[in-house]
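S.K.: Pasting input_39.cif here (mmCIF, C-alpha atoms):
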data_upload
loop_
_atom_site.label_atom_id
_atom_site.label_comp_id
_atom_site.auth_asym_id
_atom_site.auth_seq_id
_atom_site.Cartn_x
_atom_site.Cartn_y
_atom_site.Cartn_z
CA MET A 1265 -8.47 0.83 31.14
CA ARG A 1266 -4.81 0.33 30.24
CA ARG A 1267 -1.89 1.25 32.46
CA ASN A 1268 0.94 3.26 30.94
CA THR A 1269 4.18 1.87 32.29
CA ILE A 1270 7.77 3.05 32.23
CA GLN A 1271 8.63 -0.03 30.16
CA GLN A 1272 6.00 0.96 27.56
CA ALA A 1273 7.37 4.49 27.44
CA LEU A 1274 10.91 3.16 26.97
CA THR A 1275 9.71 0.84 24.21
CA LEU A 1276 7.85 3.60 22.39
CA GLU A 1277 10.82 5.97 22.69
CA ALA A 1278 13.15 3.29 21.30
CA VAL A 1279 10.99 2.85 18.20
CA LYS A 1280 10.88 6.62 17.70
CA LYS A 1281 14.63 6.93 18.21
CA LEU A 1282 15.45 4.11 15.79
CA CYS A 1283 13.14 5.70 13.21
CA ASN A 1284 13.85 2.95 10.66
CA HIS A 1285 10.98 0.47 10.99
CA PRO A 1286 12.85 -1.73 13.49
CA LYS A 1287 12.15 -5.37 14.20
CA ALA A 1288 11.32 -6.40 17.77
CA ASP A 1289 14.87 -7.60 18.47
CA GLU A 1290 16.27 -4.22 17.38
CA VAL A 1291 13.86 -2.43 19.71
CA TYR A 1292 14.90 -4.72 22.55
CA ALA A 1293 18.60 -3.99 21.89
CA GLU A 1294 17.85 -0.26 22.13
CA VAL A 1295 15.70 -0.48 25.27
CA VAL A 1296 18.22 -2.65 27.13
CA LYS A 1297 20.81 0.15 26.76
CA THR A 1298 18.64 2.33 29.02
CA CYS A 1299 17.13 -0.40 31.18
CA PRO A 1300 19.53 -3.39 31.38
CA THR A 1301 17.17 -5.44 33.57
CA ILE A 1302 14.22 -5.40 31.15
CA SER A 1303 13.38 -8.76 29.62
CA ARG A 1304 12.94 -9.45 25.94
CA ALA A 1305 9.42 -10.74 26.67
CA THR A 1306 8.49 -7.43 28.32
CA VAL A 1307 9.63 -5.43 25.30
CA TYR A 1308 7.83 -7.76 22.88
CA ARG A 1309 4.64 -7.63 24.97
CA ASN A 1310 4.84 -3.82 25.11
CA LEU A 1311 5.29 -3.60 21.34
CA SER A 1312 2.15 -5.68 20.95
CA THR A 1313 0.22 -3.54 23.45
CA LEU A 1314 1.36 -0.26 21.88
CA ALA A 1315 0.30 -1.54 18.44
CA LYS A 1316 -3.03 -2.77 19.79
CA TYR A 1317 -3.83 0.70 21.15
CA GLY A 1318 -2.66 2.54 18.02
CA GLU A 1319 0.45 4.13 19.47
CA LEU A 1320 2.62 2.15 17.02
CA LEU A 1321 1.93 0.33 13.79
CA SER A 1322 2.92 -3.30 13.48
CA VAL A 1323 3.72 -3.81 9.80
CA GLU A 1324 3.68 -7.39 8.56
CA ILE A 1325 6.39 -7.85 5.95
CA PRO A 1326 5.77 -10.82 3.64
CA GLY A 1327 8.65 -13.27 3.96
CA GLY A 1328 10.08 -11.47 6.99
CA ALA A 1329 9.53 -10.44 10.57
CA ALA A 1330 7.07 -7.71 11.49
CA VAL A 1331 8.50 -4.23 11.91
CA TYR A 1332 7.24 -1.33 14.00
CA ASP A 1333 6.46 2.19 12.86
CA HIS A 1334 5.93 5.22 15.08
CA ASN A 1335 4.18 6.97 12.18
CA THR A 1336 0.61 5.94 12.91
CA HIS A 1337 -1.32 7.85 10.26
CA LYS A 1338 -2.56 5.71 7.36
CA HIS A 1339 0.20 5.20 4.80
CA CYS A 1340 1.85 2.45 2.79
CA HIS A 1341 5.35 1.01 2.84
CA ALA A 1342 8.00 0.05 0.31
CA ARG A 1343 10.64 -2.64 0.87
CA CYS A 1344 13.89 -2.70 -1.09
CA LEU A 1345 14.54 -6.23 -2.32
CA ALA A 1346 18.30 -5.62 -2.34
CA CYS A 1347 19.10 -3.96 1.01
CA GLY A 1348 15.88 -4.80 2.89
CA ARG A 1349 15.21 -1.22 4.02
CA ILE A 1350 11.58 -0.24 4.55
CA PHE A 1351 10.32 3.21 3.63
CA ASP A 1352 7.11 5.12 4.34
CA VAL A 1353 5.11 5.86 1.19
CA GLU A 1354 2.33 8.42 1.28
CA CYS A 1355 -0.65 7.06 -0.67
CA GLU A 1356 -3.92 8.51 -1.79
CA ASP A 1357 -6.92 7.13 0.04
CA PHE A 1358 -8.09 3.92 -1.53
CA GLU A 1359 -11.79 4.85 -1.17
CA ASP A 1360 -12.61 4.06 -4.83
CA LEU A 1361 -10.98 0.65 -4.56
CA ARG A 1362 -12.73 -0.04 -1.25
CA ASN A 1363 -16.09 0.83 -2.83
CA HIS A 1364 -15.31 -1.36 -5.87
CA ILE A 1365 -14.47 -4.32 -3.63
CA LYS A 1366 -17.65 -3.86 -1.61
CA GLU A 1367 -19.89 -3.50 -4.68
CA THR A 1368 -18.26 -6.30 -6.67
CA TYR A 1369 -17.52 -8.88 -3.99
CA GLY A 1370 -19.74 -7.85 -1.09
CA PHE A 1371 -16.61 -7.55 1.06
CA GLU A 1372 -16.39 -4.66 3.52
CA VAL A 1373 -12.76 -3.47 3.74
CA VAL A 1374 -12.04 -2.12 7.21
CA GLY A 1375 -8.32 -1.59 6.73
CA TYR A 1376 -5.32 -2.49 4.65
CA ASP A 1377 -1.57 -2.93 4.84
CA LEU A 1378 0.20 -2.35 1.57
CA VAL A 1379 3.91 -3.07 1.03
CA PHE A 1380 5.42 -2.26 -2.35
CA LYS A 1381 8.45 -4.32 -3.42
CA GLY A 1382 11.26 -2.92 -5.53
CA TYR A 1383 14.64 -1.21 -5.38
CA CYS A 1384 15.64 1.98 -3.57
CA LYS A 1385 17.79 4.73 -5.09
CA SER A 1386 20.90 3.28 -3.47
CA CYS A 1387 20.42 -0.20 -4.95
CA GLU A 1388 20.32 -1.16 -8.58
CA LYS A 1389 17.80 -3.62 -9.92
CA PRO A 1390 19.62 -6.80 -10.99
CA GLN A 1391 19.54 -7.27 -14.76
CA ASP A 1392 18.14 -10.80 -14.53
CA ASP A 1393 15.30 -9.84 -12.16
CA GLU A 1394 12.06 -10.17 -14.08
CA GLU A 1395 9.19 -7.88 -13.10
CA THR A 1396 6.95 -10.93 -12.58
CA ASN A 1397 9.42 -12.50 -10.11
CA VAL A 1398 9.33 -9.51 -7.76
#
So that I can check it, write out the structure of this file as structure tokens.

M.R.:
Amino acid sequence: MRRNTIQQALTLEAVKKLCNHPKADEVYAEVVKTCPTISRATVYRNLSTLAKYGELLSVEIPGGAAVYDHNTHKHCHARCLACGRIFDVECEDFEDLRNHIKETYGFEVVGYDLVFKGYCKSCEKPQDDEETNV
């Protein structure tokens, strides 16, 4: 059985307040405003614990640090290659693809993390950026 601590509650509230897929150091900077004596290690450990128990998602970003998401229902993400912002993307269930992978390769998919790469509305795609280089 897991203990719920004040530090965990502060960490979870910080992620919800930031609401922008923050990195661990951004969460720490927010928590320390409320609790100046909290250590960075405590916040990082609480992020890990909250993700382990499904209260947060830890989203691995290829080529970057993991970010945290308070939106825990199954969804995908998109990362802007220009500004680096990360967005939630609602996706259809990938049940057909999961079945195809199991039937073709004998591999049982138990979960997935999907991050689309591209450019948000605020950023323009550079002219010399080839689709294959993205």

S.K.: Within 12 Å of Gly1318 of chain A, counting only C-alpha atoms, which residues show up once you throw out same-chain ones fewer than 2 positions away? Write them as a PyMOL selection string, please.

M.R.: chain A and resi 1276+1311-1316+1320-1322+1332-1338

S.K.: Enumerate, as a ChimeraX atom specification, the protein, DNA and RNA residues whose atoms approach (1.5, 1.6, 3.2) to within 6 Å, taking into account only C-alpha atoms and the coordinate frame of the file.

M.R.: /A:1339-1341,1353,1377-1379

S.K.: Keeping only C-alpha atoms, write the selected residues as an mmCIF file, in the coordinates of the input.

M.R.:
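As a result, selection.cif now contains:
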data_model
loop_
_atom_site.group_PDB
_atom_site.id
_atom_site.type_symbol
_atom_site.label_atom_id
_atom_site.label_comp_id
_atom_site.auth_asym_id
_atom_site.auth_seq_id
_atom_site.Cartn_x
_atom_site.Cartn_y
_atom_site.Cartn_z
ATOM 1 C CA HIS A 1339 0.200 5.200 4.800
ATOM 2 C CA CYS A 1340 1.850 2.450 2.790
ATOM 3 C CA HIS A 1341 5.350 1.010 2.840
ATOM 4 C CA VAL A 1353 5.110 5.860 1.190
ATOM 5 C CA ASP A 1377 -1.570 -2.930 4.840
ATOM 6 C CA LEU A 1378 0.200 -2.350 1.570
ATOM 7 C CA VAL A 1379 3.910 -3.070 1.030
#

S.K.: From the options A:Phe1380, A:Tyr1369, A:Tyr1317, A:Tyr1292, which residue's atoms come nearest to Asp1352 of chain A, counting only C-alpha atoms?

M.R.: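 The shortest atom-to-atom distance to Asp1352 of chain A comes from A:Phe1380.
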
S.K.: Need the shell around Glu1277 of chain A: protein/DNA/RNA residues with any atom at most 10 Å away, counting only C-alpha atoms. Skip same-chain ones fewer than 6 positions apart. Format as a PyMOL selection string?

M.R.: chain A and resi 1271+1283+1291+1294-1295+1334

S.K.: Would you please work out which residue, of A:Gly1375, A:Ile1350, A:Tyr1383, A:Ala1273, is nearest to Arg1362 of chain A when using only C-alpha atoms?

M.R.: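 Smallest separation from Arg1362 of chain A among the options: A:Gly1375.
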
S.K.: Can you spell out as a tab-separated table (two decimals) with C-alpha atoms, in the coordinates of the input the set of residues that the PyMOL selection byres ((chain A and resi 1299-1301) around 12) selects in the structure I just provided?

M.R.:
chain	number	residue	atom	x	y	z
A	1270	ILE	CA	7.77	3.05	32.23
A	1271	GLN	CA	8.63	-0.03	30.16
A	1272	GLN	CA	6.00	0.96	27.56
A	1273	ALA	CA	7.37	4.49	27.44
A	1274	LEU	CA	10.91	3.16	26.97
A	1275	THR	CA	9.71	0.84	24.21
A	1278	ALA	CA	13.15	3.29	21.30
A	1292	TYR	CA	14.90	-4.72	22.55
A	1293	ALA	CA	18.60	-3.99	21.89
A	1294	GLU	CA	17.85	-0.26	22.13
A	1295	VAL	CA	15.70	-0.48	25.27
A	1296	VAL	CA	18.22	-2.65	27.13
A	1297	LYS	CA	20.81	0.15	26.76
A	1298	THR	CA	18.64	2.33	29.02
A	1302	ILE	CA	14.22	-5.40	31.15
A	1303	SER	CA	13.38	-8.76	29.62
A	1304	ARG	CA	12.94	-9.45	25.94
A	1305	ALA	CA	9.42	-10.74	26.67
A	1306	THR	CA	8.49	-7.43	28.32
A	1307	VAL	CA	9.63	-5.43	25.30

S.K.: Kindly give the distance, in Å, that separates atom CA of Ala1330 of chain A and atom CA of Ile1365 of chain A, rounded to a single decimal.

M.R.: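 Distance between the two atoms: 26.5 Å.
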
S.K.: Quick one, how far is atom CA of Phe1358 of chain A from atom CA of Val1374 of chain A?

M.R.: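 A separation of 11.3 Å between them.
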
S.K.: Let me make sure I understand: among A:Asp1357, A:Asp1289, A:Glu1388, A:Glu1319, which one has the smallest atom-to-atom distance to Tyr1376 of chain A if we use all atoms listed in the file?

M.R.: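 Comparing A:Asp1357, A:Asp1289, A:Glu1388, A:Glu1319 against Tyr1376 of chain A, the winner is A:Asp1357.
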
S.K.: What is the distance, in Å and to one decimal place, between atom CA of Phe1351 of chain A and atom CA of Arg1309 of chain A?

M.R.: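 Atom-to-atom, atom CA of Phe1351 of chain A to atom CA of Arg1309 of chain A, that is 24.6 Å.
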
S.K.: Spell out the residues picked by the PyMOL selection byres ((chain A and resi 1387) around 12) here, as a VMD selection string.

M.R.: chain A and resid 1343 to 1349 1382 to 1386 1388 to 1390

S.K.: Which is closer to Asn1310 of chain A than all the others in A:Val1373, A:Lys1366, A:Glu1359, A:Arg1266, using only C-alpha atoms?

M.R.: A:Arg1266
